[in-house]
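As stored in start21.cif (mmCIF, N, CA, C and O atoms):
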```
data_my_file
loop_
_atom_site.label_atom_id
_atom_site.label_comp_id
_atom_site.auth_asym_id
_atom_site.auth_seq_id
_atom_site.Cartn_x
_atom_site.Cartn_y
_atom_site.Cartn_z
N MET O 1 69.95 -70.76 274.82
CA MET O 1 68.60 -70.49 275.26
C MET O 1 67.70 -71.70 275.02
O MET O 1 66.85 -72.01 275.82
N GLN O 2 67.88 -72.40 273.91
CA GLN O 2 67.02 -73.53 273.61
C GLN O 2 67.28 -74.71 274.56
O GLN O 2 66.36 -75.44 274.89
N VAL O 3 68.52 -74.87 274.98
CA VAL O 3 68.85 -75.95 275.93
C VAL O 3 68.17 -75.65 277.28
O VAL O 3 67.61 -76.55 277.91
N HIS O 4 68.20 -74.41 277.69
CA HIS O 4 67.55 -73.98 278.92
C HIS O 4 66.05 -74.28 278.87
O HIS O 4 65.47 -74.80 279.82
N HIS O 5 65.44 -73.98 277.75
CA HIS O 5 64.01 -74.24 277.56
C HIS O 5 63.71 -75.74 277.60
O HIS O 5 62.77 -76.17 278.25
N LYS O 6 64.53 -76.53 276.93
CA LYS O 6 64.30 -77.97 276.88
C LYS O 6 64.45 -78.63 278.25
O LYS O 6 63.68 -79.52 278.60
N ARG O 7 65.44 -78.19 279.02
CA ARG O 7 65.61 -78.75 280.37
C ARG O 7 64.43 -78.40 281.26
O ARG O 7 63.91 -79.24 281.99
N SER O 8 63.98 -77.15 281.18
CA SER O 8 62.84 -76.73 281.98
C SER O 8 61.57 -77.46 281.55
O SER O 8 60.77 -77.88 282.38
N ARG O 9 61.38 -77.62 280.24
CA ARG O 9 60.19 -78.33 279.73
C ARG O 9 60.21 -79.79 280.17
O ARG O 9 59.19 -80.36 280.52
N TYR O 10 61.39 -80.40 280.18
CA TYR O 10 61.52 -81.79 280.63
C TYR O 10 61.10 -81.92 282.10
O TYR O 10 60.33 -82.83 282.46
N LEU O 11 61.60 -81.01 282.95
CA LEU O 11 61.22 -81.05 284.36
C LEU O 11 59.72 -80.83 284.53
O LEU O 11 59.06 -81.51 285.32
N TYR O 12 59.16 -79.89 283.78
CA TYR O 12 57.73 -79.60 283.82
C TYR O 12 56.92 -80.85 283.45
O TYR O 12 55.97 -81.22 284.14
N ASP O 13 57.30 -81.47 282.34
CA ASP O 13 56.57 -82.66 281.89
C ASP O 13 56.69 -83.80 282.90
O ASP O 13 55.70 -84.49 283.18
N MET O 14 57.87 -84.01 283.42
CA MET O 14 58.08 -85.12 284.36
C MET O 14 57.33 -84.91 285.67
O MET O 14 56.82 -85.87 286.25
N PHE O 15 57.27 -83.68 286.16
CA PHE O 15 56.64 -83.43 287.46
C PHE O 15 55.13 -83.17 287.34
O PHE O 15 54.34 -83.79 288.05
N TYR O 16 54.73 -82.29 286.45
CA TYR O 16 53.32 -81.89 286.40
C TYR O 16 52.47 -82.76 285.46
O TYR O 16 51.30 -83.01 285.76
N LYS O 17 53.00 -83.18 284.35
CA LYS O 17 52.20 -83.95 283.39
C LYS O 17 52.22 -85.45 283.69
O LYS O 17 51.18 -86.07 283.82
N ARG O 18 53.42 -86.02 283.79
CA ARG O 18 53.54 -87.47 283.98
C ARG O 18 53.55 -87.90 285.44
O ARG O 18 53.30 -89.06 285.73
N LYS O 19 53.90 -86.97 286.33
CA LYS O 19 54.03 -87.26 287.77
C LYS O 19 55.03 -88.39 288.01
O LYS O 19 54.82 -89.28 288.82
N ALA O 20 56.16 -88.33 287.27
CA ALA O 20 57.17 -89.38 287.33
C ALA O 20 58.29 -89.08 288.32
O ALA O 20 59.06 -89.98 288.65
N ILE O 21 58.39 -87.83 288.80
CA ILE O 21 59.43 -87.49 289.77
C ILE O 21 58.76 -86.90 291.01
O ILE O 21 57.66 -86.36 290.95
N SER O 22 59.47 -86.99 292.13
CA SER O 22 58.92 -86.49 293.39
C SER O 22 59.13 -84.98 293.53
O SER O 22 59.91 -84.38 292.79
N ARG O 23 58.43 -84.39 294.47
CA ARG O 23 58.57 -82.96 294.75
C ARG O 23 60.00 -82.66 295.19
O ARG O 23 60.58 -81.64 294.81
N GLY O 24 60.59 -83.54 295.96
CA GLY O 24 61.96 -83.34 296.42
C GLY O 24 62.96 -83.28 295.28
O GLY O 24 63.84 -82.42 295.25
N LEU O 25 62.84 -84.21 294.34
CA LEU O 25 63.73 -84.21 293.18
C LEU O 25 63.50 -82.98 292.31
O LEU O 25 64.45 -82.38 291.82
N TYR O 26 62.24 -82.61 292.13
CA TYR O 26 61.91 -81.41 291.36
C TYR O 26 62.54 -80.17 292.00
O TYR O 26 63.20 -79.38 291.32
N ASN O 27 62.37 -80.01 293.30
CA ASN O 27 62.96 -78.86 294.00
C ASN O 27 64.48 -78.87 293.94
O ASN O 27 65.12 -77.82 293.80
N TYR O 28 65.08 -80.04 294.05
CA TYR O 28 66.53 -80.17 293.94
C TYR O 28 67.01 -79.67 292.57
O TYR O 28 67.97 -78.91 292.48
N CYS O 29 66.35 -80.10 291.51
CA CYS O 29 66.74 -79.69 290.15
C CYS O 29 66.56 -78.19 289.96
O CYS O 29 67.41 -77.54 289.35
N ILE O 30 65.49 -77.63 290.48
CA ILE O 30 65.26 -76.19 290.37
C ILE O 30 66.32 -75.43 291.15
O ILE O 30 66.89 -74.45 290.67
N ASN O 31 66.60 -75.87 292.37
CA ASN O 31 67.59 -75.18 293.21
C ASN O 31 69.00 -75.25 292.63
O ASN O 31 69.80 -74.33 292.83
N ARG O 32 69.31 -76.31 291.92
CA ARG O 32 70.63 -76.47 291.30
C ARG O 32 70.73 -75.76 289.95
O ARG O 32 71.79 -75.73 289.34
N GLY O 33 69.64 -75.20 289.47
CA GLY O 33 69.68 -74.44 288.23
C GLY O 33 69.44 -75.26 286.98
O GLY O 33 69.72 -74.80 285.87
N TYR O 34 68.90 -76.46 287.13
CA TYR O 34 68.62 -77.29 285.96
C TYR O 34 67.33 -76.88 285.26
O TYR O 34 67.07 -77.30 284.14
N GLY O 35 66.51 -76.10 285.91
CA GLY O 35 65.26 -75.63 285.33
C GLY O 35 64.95 -74.23 285.83
O GLY O 35 65.47 -73.78 286.85
N ASP O 36 64.08 -73.54 285.12
CA ASP O 36 63.70 -72.18 285.46
C ASP O 36 62.31 -72.21 286.11
O ASP O 36 61.31 -72.46 285.44
N ALA O 37 62.26 -71.94 287.41
CA ALA O 37 61.00 -72.00 288.14
C ALA O 37 60.00 -70.96 287.64
O ALA O 37 58.80 -71.24 287.59
N SER O 38 60.46 -69.79 287.25
CA SER O 38 59.55 -68.74 286.76
C SER O 38 58.92 -69.14 285.43
O SER O 38 57.72 -68.92 285.21
N LEU O 39 59.70 -69.72 284.55
CA LEU O 39 59.19 -70.16 283.26
C LEU O 39 58.20 -71.31 283.44
O LEU O 39 57.13 -71.32 282.82
N ILE O 40 58.51 -72.23 284.31
CA ILE O 40 57.61 -73.35 284.58
C ILE O 40 56.30 -72.86 285.18
O ILE O 40 55.22 -73.34 284.84
N ALA O 41 56.38 -71.85 286.05
CA ALA O 41 55.16 -71.28 286.64
C ALA O 41 54.28 -70.64 285.57
O ALA O 41 53.05 -70.73 285.63
N LYS O 42 54.89 -70.00 284.58
CA LYS O 42 54.12 -69.41 283.48
C LYS O 42 53.45 -70.49 282.65
O LYS O 42 52.32 -70.32 282.20
N TRP O 43 54.13 -71.61 282.39
CA TRP O 43 53.56 -72.70 281.60
C TRP O 43 52.29 -73.26 282.23
O TRP O 43 51.43 -73.78 281.55
N ARG O 44 52.17 -73.14 283.53
CA ARG O 44 51.00 -73.66 284.22
C ARG O 44 49.78 -72.76 284.05
O ARG O 44 48.66 -73.17 284.32
N LYS O 45 49.98 -71.52 283.60
CA LYS O 45 48.87 -70.58 283.41
C LYS O 45 48.30 -70.69 282.01
O LYS O 45 49.03 -70.97 281.05
N GLN O 46 47.00 -70.46 281.90
CA GLN O 46 46.33 -70.53 280.61
C GLN O 46 46.85 -69.43 279.68
O GLN O 46 47.00 -68.29 280.06
N GLY O 47 47.14 -69.82 278.44
CA GLY O 47 47.64 -68.88 277.45
C GLY O 47 49.15 -68.84 277.34
O GLY O 47 49.70 -68.23 276.43
N PHE O 48 49.84 -69.47 278.27
CA PHE O 48 51.30 -69.46 278.28
C PHE O 48 51.88 -70.87 278.15
O PHE O 48 53.04 -71.10 278.46
N GLU O 49 51.08 -71.83 277.70
CA GLU O 49 51.50 -73.23 277.68
C GLU O 49 52.71 -73.48 276.79
O GLU O 49 53.48 -74.39 277.02
N LYS O 50 52.88 -72.68 275.75
CA LYS O 50 53.99 -72.87 274.79
C LYS O 50 55.04 -71.76 274.87
O LYS O 50 55.84 -71.62 273.96
N LEU O 51 55.03 -70.97 275.91
CA LEU O 51 55.95 -69.84 276.03
C LEU O 51 57.40 -70.27 275.89
O LEU O 51 57.82 -71.24 276.51
N CYS O 52 58.15 -69.57 275.05
CA CYS O 52 59.54 -69.96 274.78
C CYS O 52 60.51 -69.42 275.84
O CYS O 52 61.41 -70.11 276.27
N CYS O 53 60.33 -68.17 276.24
CA CYS O 53 61.19 -67.59 277.27
C CYS O 53 60.46 -66.42 277.93
O CYS O 53 59.50 -65.89 277.39
N LEU O 54 60.94 -66.01 279.08
CA LEU O 54 60.29 -64.92 279.81
C LEU O 54 60.52 -63.56 279.16
O LEU O 54 59.71 -62.65 279.31
N ARG O 55 61.59 -63.41 278.43
CA ARG O 55 61.86 -62.13 277.76
C ARG O 55 60.83 -61.79 276.71
O ARG O 55 60.60 -60.63 276.42
N CYS O 56 60.20 -62.79 276.14
CA CYS O 56 59.23 -62.56 275.07
C CYS O 56 57.92 -61.98 275.57
O CYS O 56 57.12 -61.51 274.77
N ILE O 57 57.67 -62.00 276.87
CA ILE O 57 56.45 -61.40 277.39
C ILE O 57 56.73 -60.12 278.17
O ILE O 57 55.82 -59.53 278.74
N GLN O 58 57.97 -59.68 278.18
CA GLN O 58 58.34 -58.44 278.86
C GLN O 58 58.14 -57.25 277.92
O GLN O 58 58.87 -57.11 276.95
N PRO O 59 57.18 -56.38 278.16
CA PRO O 59 56.95 -55.26 277.25
C PRO O 59 58.09 -54.24 277.25
O PRO O 59 58.27 -53.53 276.27
N ARG O 60 58.89 -54.20 278.27
CA ARG O 60 59.97 -53.21 278.31
C ARG O 60 61.13 -53.56 277.37
O ARG O 60 61.97 -52.73 277.08
N ASP O 61 61.17 -54.81 276.90
CA ASP O 61 62.25 -55.25 276.02
C ASP O 61 61.95 -55.05 274.54
O ASP O 61 62.76 -55.42 273.69
N THR O 62 60.79 -54.50 274.21
CA THR O 62 60.42 -54.31 272.80
C THR O 62 60.36 -52.82 272.47
O THR O 62 60.28 -51.98 273.36
N ASN O 63 60.36 -52.53 271.20
CA ASN O 63 60.35 -51.13 270.75
C ASN O 63 59.03 -50.43 271.02
O ASN O 63 59.00 -49.24 271.29
N TYR O 64 57.93 -51.15 270.93
CA TYR O 64 56.61 -50.52 271.03
C TYR O 64 55.90 -50.80 272.34
O TYR O 64 54.73 -50.48 272.47
N GLY O 65 56.54 -51.40 273.29
CA GLY O 65 55.94 -51.66 274.59
C GLY O 65 54.91 -52.77 274.56
O GLY O 65 53.96 -52.75 275.34
N THR O 66 55.07 -53.73 273.66
CA THR O 66 54.17 -54.88 273.58
C THR O 66 54.99 -56.15 273.75
O THR O 66 56.18 -56.09 274.02
N THR O 67 54.36 -57.30 273.55
CA THR O 67 55.11 -58.55 273.63
C THR O 67 55.85 -58.81 272.33
O THR O 67 55.68 -58.12 271.35
N CYS O 68 56.63 -59.85 272.32
CA CYS O 68 57.46 -60.21 271.16
C CYS O 68 56.60 -60.70 269.99
O CYS O 68 55.48 -61.17 270.18
N ILE O 69 57.14 -60.63 268.79
CA ILE O 69 56.45 -61.05 267.58
C ILE O 69 56.14 -62.54 267.60
O ILE O 69 55.15 -62.99 267.01
N CYS O 70 56.92 -63.34 268.30
CA CYS O 70 56.66 -64.78 268.33
C CYS O 70 55.40 -65.12 269.11
O CYS O 70 54.89 -66.23 269.01
N ARG O 71 54.86 -64.19 269.89
CA ARG O 71 53.63 -64.41 270.65
C ARG O 71 52.37 -64.15 269.84
O ARG O 71 51.27 -64.43 270.28
N VAL O 72 52.52 -63.60 268.63
CA VAL O 72 51.38 -63.33 267.76
C VAL O 72 50.97 -64.63 267.08
O VAL O 72 51.81 -65.33 266.51
N PRO O 73 49.68 -64.98 267.11
CA PRO O 73 49.24 -66.21 266.43
C PRO O 73 49.53 -66.16 264.93
O PRO O 73 49.44 -65.11 264.31
N LYS O 74 49.89 -67.30 264.37
CA LYS O 74 50.30 -67.36 262.96
C LYS O 74 49.19 -66.95 262.00
O LYS O 74 49.47 -66.42 260.94
N GLN O 75 47.92 -67.17 262.36
CA GLN O 75 46.85 -66.78 261.46
C GLN O 75 46.69 -65.26 261.38
O GLN O 75 46.08 -64.76 260.46
N ASN O 76 47.28 -64.52 262.31
CA ASN O 76 47.21 -63.06 262.28
C ASN O 76 48.38 -62.43 261.54
O ASN O 76 48.45 -61.21 261.42
N LEU O 77 49.32 -63.24 261.07
CA LEU O 77 50.49 -62.75 260.34
C LEU O 77 50.31 -62.97 258.85
O LEU O 77 49.47 -63.77 258.42
N GLU O 78 51.12 -62.30 258.07
CA GLU O 78 51.11 -62.52 256.63
C GLU O 78 51.59 -63.94 256.33
O GLU O 78 52.47 -64.47 257.00
N GLU O 79 51.03 -64.54 255.29
CA GLU O 79 51.34 -65.94 254.99
C GLU O 79 52.80 -66.17 254.58
O GLU O 79 53.41 -67.14 254.98
N ASP O 80 53.35 -65.28 253.78
CA ASP O 80 54.71 -65.47 253.26
C ASP O 80 55.79 -65.02 254.24
O ASP O 80 56.97 -65.25 253.99
N LYS O 81 55.41 -64.39 255.31
CA LYS O 81 56.38 -63.81 256.23
C LYS O 81 56.84 -64.86 257.26
O LYS O 81 56.03 -65.47 257.94
N VAL O 82 58.14 -65.06 257.34
CA VAL O 82 58.72 -65.96 258.34
C VAL O 82 59.20 -65.10 259.49
O VAL O 82 60.00 -64.18 259.31
N ILE O 83 58.70 -65.38 260.68
CA ILE O 83 59.09 -64.60 261.84
C ILE O 83 60.08 -65.38 262.69
O ILE O 83 60.10 -66.60 262.68
N GLU O 84 60.90 -64.64 263.42
CA GLU O 84 61.83 -65.25 264.36
C GLU O 84 62.13 -64.24 265.45
O GLU O 84 62.39 -63.07 265.16
N CYS O 85 62.08 -64.67 266.66
CA CYS O 85 62.33 -63.80 267.81
C CYS O 85 63.80 -63.37 267.82
O CYS O 85 64.70 -64.17 267.60
N ALA O 86 64.02 -62.11 268.10
CA ALA O 86 65.38 -61.58 268.16
C ALA O 86 66.09 -62.02 269.45
O ALA O 86 67.32 -62.07 269.50
N HIS O 87 65.34 -62.35 270.48
CA HIS O 87 65.92 -62.72 271.77
C HIS O 87 66.38 -64.17 271.81
O HIS O 87 67.48 -64.48 272.23
N CYS O 88 65.49 -65.08 271.38
CA CYS O 88 65.77 -66.50 271.59
C CYS O 88 65.68 -67.35 270.33
O CYS O 88 65.97 -68.53 270.37
N GLY O 89 65.24 -66.78 269.22
CA GLY O 89 65.16 -67.54 267.98
C GLY O 89 63.87 -68.31 267.80
O GLY O 89 63.73 -69.10 266.88
N CYS O 90 62.88 -68.08 268.64
CA CYS O 90 61.60 -68.77 268.56
C CYS O 90 60.86 -68.36 267.28
O CYS O 90 60.91 -67.21 266.88
N ARG O 91 60.16 -69.29 266.67
CA ARG O 91 59.40 -69.01 265.45
C ARG O 91 57.90 -69.02 265.69
O ARG O 91 57.13 -69.05 264.74
N GLY O 92 57.49 -68.98 266.92
CA GLY O 92 56.07 -68.92 267.23
C GLY O 92 55.72 -69.72 268.46
O GLY O 92 55.83 -70.94 268.45
N CYS O 93 55.33 -69.04 269.53
CA CYS O 93 54.99 -69.74 270.75
C CYS O 93 53.62 -69.30 271.28
O CYS O 93 53.36 -69.40 272.46
N ALA O 94 52.77 -68.80 270.40
CA ALA O 94 51.42 -68.45 270.82
C ALA O 94 50.66 -69.72 271.16
O ALA O 94 50.81 -70.74 270.50
N SER O 95 49.83 -69.69 272.18
CA SER O 95 49.14 -70.90 272.63
C SER O 95 48.07 -71.35 271.65
O SER O 95 47.59 -72.47 271.75
N THR O 96 47.69 -70.51 270.69
CA THR O 96 46.66 -70.90 269.73
C THR O 96 47.24 -71.54 268.47
O THR O 96 46.49 -71.98 267.61
N ASP O 97 48.57 -71.59 268.34
CA ASP O 97 49.20 -72.19 267.15
C ASP O 97 49.20 -73.70 267.22
O ASP O 97 49.27 -74.32 268.20
#
```

Please lay out the structure from this file as structure tokens.
Amino acid sequence: MQVHHKRSRYLYDMFYKRKAISRGLYNYCINRGYGDASLIAKWRKQGFEKLCCLRCIQPRDTNYGTTCICRVPKQNLEEDKVIECAHCGCRGCASTD
């Protein structure tokens, strides 16, 4: 899961942030499965800039019908408590962290 995230983040940074690759190369990489177009689309929206995976925002995948624990800002958690996502191993991807 982390390799998938890193490849998608690399494509996102190269195309949207640095503008170092062309639209054609970006589309080629997405079509070949080197990046996740849905995840990259979420990163472009406010509040999802650090999102680790799409499963963490799916309320149907949790016990209480909310988002994953890794989406909770660290200042709202107990200080001594170390959190980790059960789906992907993320330790915090809230955009305010």

Item to complete: Could you state which residues are captured by the PyMOL selection byres ((chain O and resi 4-21) around 7) in this file, as an MDAnalysis selection string?
Response: chainID O and resid 1:3 22:26 34:36 40 51:52

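If you apply the PyMOL selection byres ((chain O and resi 64-80) around 7) to this structure, you end up with Arg55, Cys56, Ile57, Gln58, Pro59, Arg60, Asp61, Thr62, Asn63, Lys81, Val82, Ile83, Glu84, Cys85, Cys90, Arg91, Gly92, Cys93, Ala94, Ser95, Thr96 and Asp97 of chain O.
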
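Within chain O, the backbone-based DSSP assignment of alpha helix (DSSP H) covers Gln2, Val3, His4, His5, Lys6, Arg7, Ser8, Arg9, Tyr10, Leu11, Tyr12, Arg23, Gly24, Leu25, Tyr26, Asn27, Tyr28, Cys29, Ile30, Asn31, Ala37, Ser38, Leu39, Ile40, Ala41, Lys42 and Trp43 of chain O.
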
Worksheet item: So how far away is CA of Gly89 in chain O from CA of Ser38 in chain O, in Å?
Response: 19.6 Å

Worksheet item: How many Å lie between atom N of Cys53 in chain O and atom N of Gly33 in chain O, rounded to one decimal?
Response: 17.6 Å

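The spacing separating CA of Ile30 in chain O from CA of Ala86 in chain O amounts to 26.6 Å.
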
Could the centre and edge lengths of an axis-aligned box, enclosing all atoms of range 10-28 of chain O in the file with 6 Å extra on each side, be given in Å to one decimal as JSON?
```
{"center_x": 59.6, "center_y": -83.9, "center_z": 288.3, "size_x": 28.8, "size_y": 24.2, "size_z": 28.2}
```

As a PDB file, in the frame of the given file, the rebuilt range 75-86 of chain O with all heavy atoms:
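Output file out26.pdb follows:
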```pdb
ATOM      1  N   GLN O  75      47.920 -67.170 262.360  1.00  0.00           N
ATOM      2  CA  GLN O  75      46.850 -66.780 261.460  1.00  0.00           C
ATOM      3  C   GLN O  75      46.690 -65.260 261.380  1.00  0.00           C
ATOM      4  O   GLN O  75      46.080 -64.760 260.460  1.00  0.00           O
ATOM      5  CB  GLN O  75      45.518 -67.434 261.844  1.00  0.00           C
ATOM      6  CG  GLN O  75      44.932 -66.947 263.142  1.00  0.00           C
ATOM      7  CD  GLN O  75      45.129 -67.922 264.272  1.00  0.00           C
ATOM      8  OE1 GLN O  75      45.937 -68.835 264.175  1.00  0.00           O
ATOM      9  NE2 GLN O  75      44.400 -67.752 265.345  1.00  0.00           N
ATOM     10  N   ASN O  76      47.280 -64.520 262.310  1.00  0.00           N
ATOM     11  CA  ASN O  76      47.210 -63.060 262.280  1.00  0.00           C
ATOM     12  C   ASN O  76      48.380 -62.430 261.540  1.00  0.00           C
ATOM     13  O   ASN O  76      48.450 -61.210 261.420  1.00  0.00           O
ATOM     14  CB  ASN O  76      47.161 -62.502 263.699  1.00  0.00           C
ATOM     15  CG  ASN O  76      45.896 -62.889 264.425  1.00  0.00           C
ATOM     16  OD1 ASN O  76      44.982 -63.456 263.837  1.00  0.00           O
ATOM     17  ND2 ASN O  76      45.829 -62.597 265.703  1.00  0.00           N
ATOM     18  N   LEU O  77      49.320 -63.240 261.070  1.00  0.00           N
ATOM     19  CA  LEU O  77      50.490 -62.750 260.340  1.00  0.00           C
ATOM     20  C   LEU O  77      50.310 -62.970 258.850  1.00  0.00           C
ATOM     21  O   LEU O  77      49.470 -63.770 258.420  1.00  0.00           O
ATOM     22  CB  LEU O  77      51.745 -63.467 260.825  1.00  0.00           C
ATOM     23  CG  LEU O  77      52.128 -63.251 262.280  1.00  0.00           C
ATOM     24  CD1 LEU O  77      53.259 -64.182 262.653  1.00  0.00           C
ATOM     25  CD2 LEU O  77      52.524 -61.813 262.522  1.00  0.00           C
ATOM     26  N   GLU O  78      51.120 -62.300 258.070  1.00  0.00           N
ATOM     27  CA  GLU O  78      51.110 -62.520 256.630  1.00  0.00           C
ATOM     28  C   GLU O  78      51.590 -63.940 256.330  1.00  0.00           C
ATOM     29  O   GLU O  78      52.470 -64.470 257.000  1.00  0.00           O
ATOM     30  CB  GLU O  78      52.036 -61.505 255.949  1.00  0.00           C
ATOM     31  CG  GLU O  78      51.613 -60.062 256.158  1.00  0.00           C
ATOM     32  CD  GLU O  78      52.658 -59.088 255.651  1.00  0.00           C
ATOM     33  OE1 GLU O  78      53.560 -59.507 254.906  1.00  0.00           O
ATOM     34  OE2 GLU O  78      52.562 -57.918 256.013  1.00  0.00           O
ATOM     35  N   GLU O  79      51.030 -64.540 255.290  1.00  0.00           N
ATOM     36  CA  GLU O  79      51.340 -65.940 254.990  1.00  0.00           C
ATOM     37  C   GLU O  79      52.800 -66.170 254.580  1.00  0.00           C
ATOM     38  O   GLU O  79      53.410 -67.140 254.980  1.00  0.00           O
ATOM     39  CB  GLU O  79      50.430 -66.438 253.876  1.00  0.00           C
ATOM     40  CG  GLU O  79      49.012 -66.649 254.325  1.00  0.00           C
ATOM     41  CD  GLU O  79      48.161 -67.239 253.224  1.00  0.00           C
ATOM     42  OE1 GLU O  79      48.718 -67.912 252.339  1.00  0.00           O
ATOM     43  OE2 GLU O  79      46.946 -67.022 253.246  1.00  0.00           O
ATOM     44  N   ASP O  80      53.350 -65.280 253.780  1.00  0.00           N
ATOM     45  CA  ASP O  80      54.710 -65.470 253.260  1.00  0.00           C
ATOM     46  C   ASP O  80      55.790 -65.020 254.240  1.00  0.00           C
ATOM     47  O   ASP O  80      56.970 -65.250 253.990  1.00  0.00           O
ATOM     48  CB  ASP O  80      54.871 -64.713 251.947  1.00  0.00           C
ATOM     49  CG  ASP O  80      53.906 -65.217 250.892  1.00  0.00           C
ATOM     50  OD1 ASP O  80      53.488 -66.390 250.994  1.00  0.00           O
ATOM     51  OD2 ASP O  80      53.569 -64.453 249.979  1.00  0.00           O
ATOM     52  N   LYS O  81      55.410 -64.390 255.310  1.00  0.00           N
ATOM     53  CA  LYS O  81      56.380 -63.810 256.230  1.00  0.00           C
ATOM     54  C   LYS O  81      56.840 -64.860 257.260  1.00  0.00           C
ATOM     55  O   LYS O  81      56.030 -65.470 257.940  1.00  0.00           O
ATOM     56  CB  LYS O  81      55.761 -62.624 256.960  1.00  0.00           C
ATOM     57  CG  LYS O  81      56.726 -61.842 257.790  1.00  0.00           C
ATOM     58  CD  LYS O  81      56.069 -60.605 258.346  1.00  0.00           C
ATOM     59  CE  LYS O  81      57.067 -59.781 259.102  1.00  0.00           C
ATOM     60  NZ  LYS O  81      56.452 -58.584 259.666  1.00  0.00           N
ATOM     61  N   VAL O  82      58.140 -65.060 257.340  1.00  0.00           N
ATOM     62  CA  VAL O  82      58.720 -65.960 258.340  1.00  0.00           C
ATOM     63  C   VAL O  82      59.200 -65.100 259.490  1.00  0.00           C
ATOM     64  O   VAL O  82      60.000 -64.180 259.310  1.00  0.00           O
ATOM     65  CB  VAL O  82      59.892 -66.769 257.750  1.00  0.00           C
ATOM     66  CG1 VAL O  82      60.538 -67.622 258.821  1.00  0.00           C
ATOM     67  CG2 VAL O  82      59.425 -67.604 256.581  1.00  0.00           C
ATOM     68  N   ILE O  83      58.700 -65.380 260.680  1.00  0.00           N
ATOM     69  CA  ILE O  83      59.090 -64.600 261.840  1.00  0.00           C
ATOM     70  C   ILE O  83      60.080 -65.380 262.690  1.00  0.00           C
ATOM     71  O   ILE O  83      60.100 -66.600 262.680  1.00  0.00           O
ATOM     72  CB  ILE O  83      57.874 -64.201 262.703  1.00  0.00           C
ATOM     73  CG1 ILE O  83      57.169 -65.460 263.228  1.00  0.00           C
ATOM     74  CG2 ILE O  83      56.925 -63.334 261.935  1.00  0.00           C
ATOM     75  CD1 ILE O  83      56.311 -65.220 264.418  1.00  0.00           C
ATOM     76  N   GLU O  84      60.900 -64.640 263.420  1.00  0.00           N
ATOM     77  CA  GLU O  84      61.830 -65.250 264.360  1.00  0.00           C
ATOM     78  C   GLU O  84      62.130 -64.240 265.450  1.00  0.00           C
ATOM     79  O   GLU O  84      62.390 -63.070 265.160  1.00  0.00           O
ATOM     80  CB  GLU O  84      63.122 -65.663 263.669  1.00  0.00           C
ATOM     81  CG  GLU O  84      64.038 -66.423 264.577  1.00  0.00           C
ATOM     82  CD  GLU O  84      65.240 -66.987 263.844  1.00  0.00           C
ATOM     83  OE1 GLU O  84      65.040 -67.628 262.800  1.00  0.00           O
ATOM     84  OE2 GLU O  84      66.363 -66.772 264.337  1.00  0.00           O
ATOM     85  N   CYS O  85      62.080 -64.670 266.660  1.00  0.00           N
ATOM     86  CA  CYS O  85      62.330 -63.800 267.810  1.00  0.00           C
ATOM     87  C   CYS O  85      63.800 -63.370 267.820  1.00  0.00           C
ATOM     88  O   CYS O  85      64.700 -64.170 267.600  1.00  0.00           O
ATOM     89  CB  CYS O  85      61.999 -64.559 269.085  1.00  0.00           C
ATOM     90  SG  CYS O  85      62.383 -63.649 270.588  1.00  0.00           S
ATOM     91  N   ALA O  86      64.020 -62.110 268.100  1.00  0.00           N
ATOM     92  CA  ALA O  86      65.380 -61.580 268.160  1.00  0.00           C
ATOM     93  C   ALA O  86      66.090 -62.020 269.450  1.00  0.00           C
ATOM     94  O   ALA O  86      67.320 -62.070 269.500  1.00  0.00           O
ATOM     95  CB  ALA O  86      65.356 -60.062 268.082  1.00  0.00           C
TER      96      ALA O  86
END
```
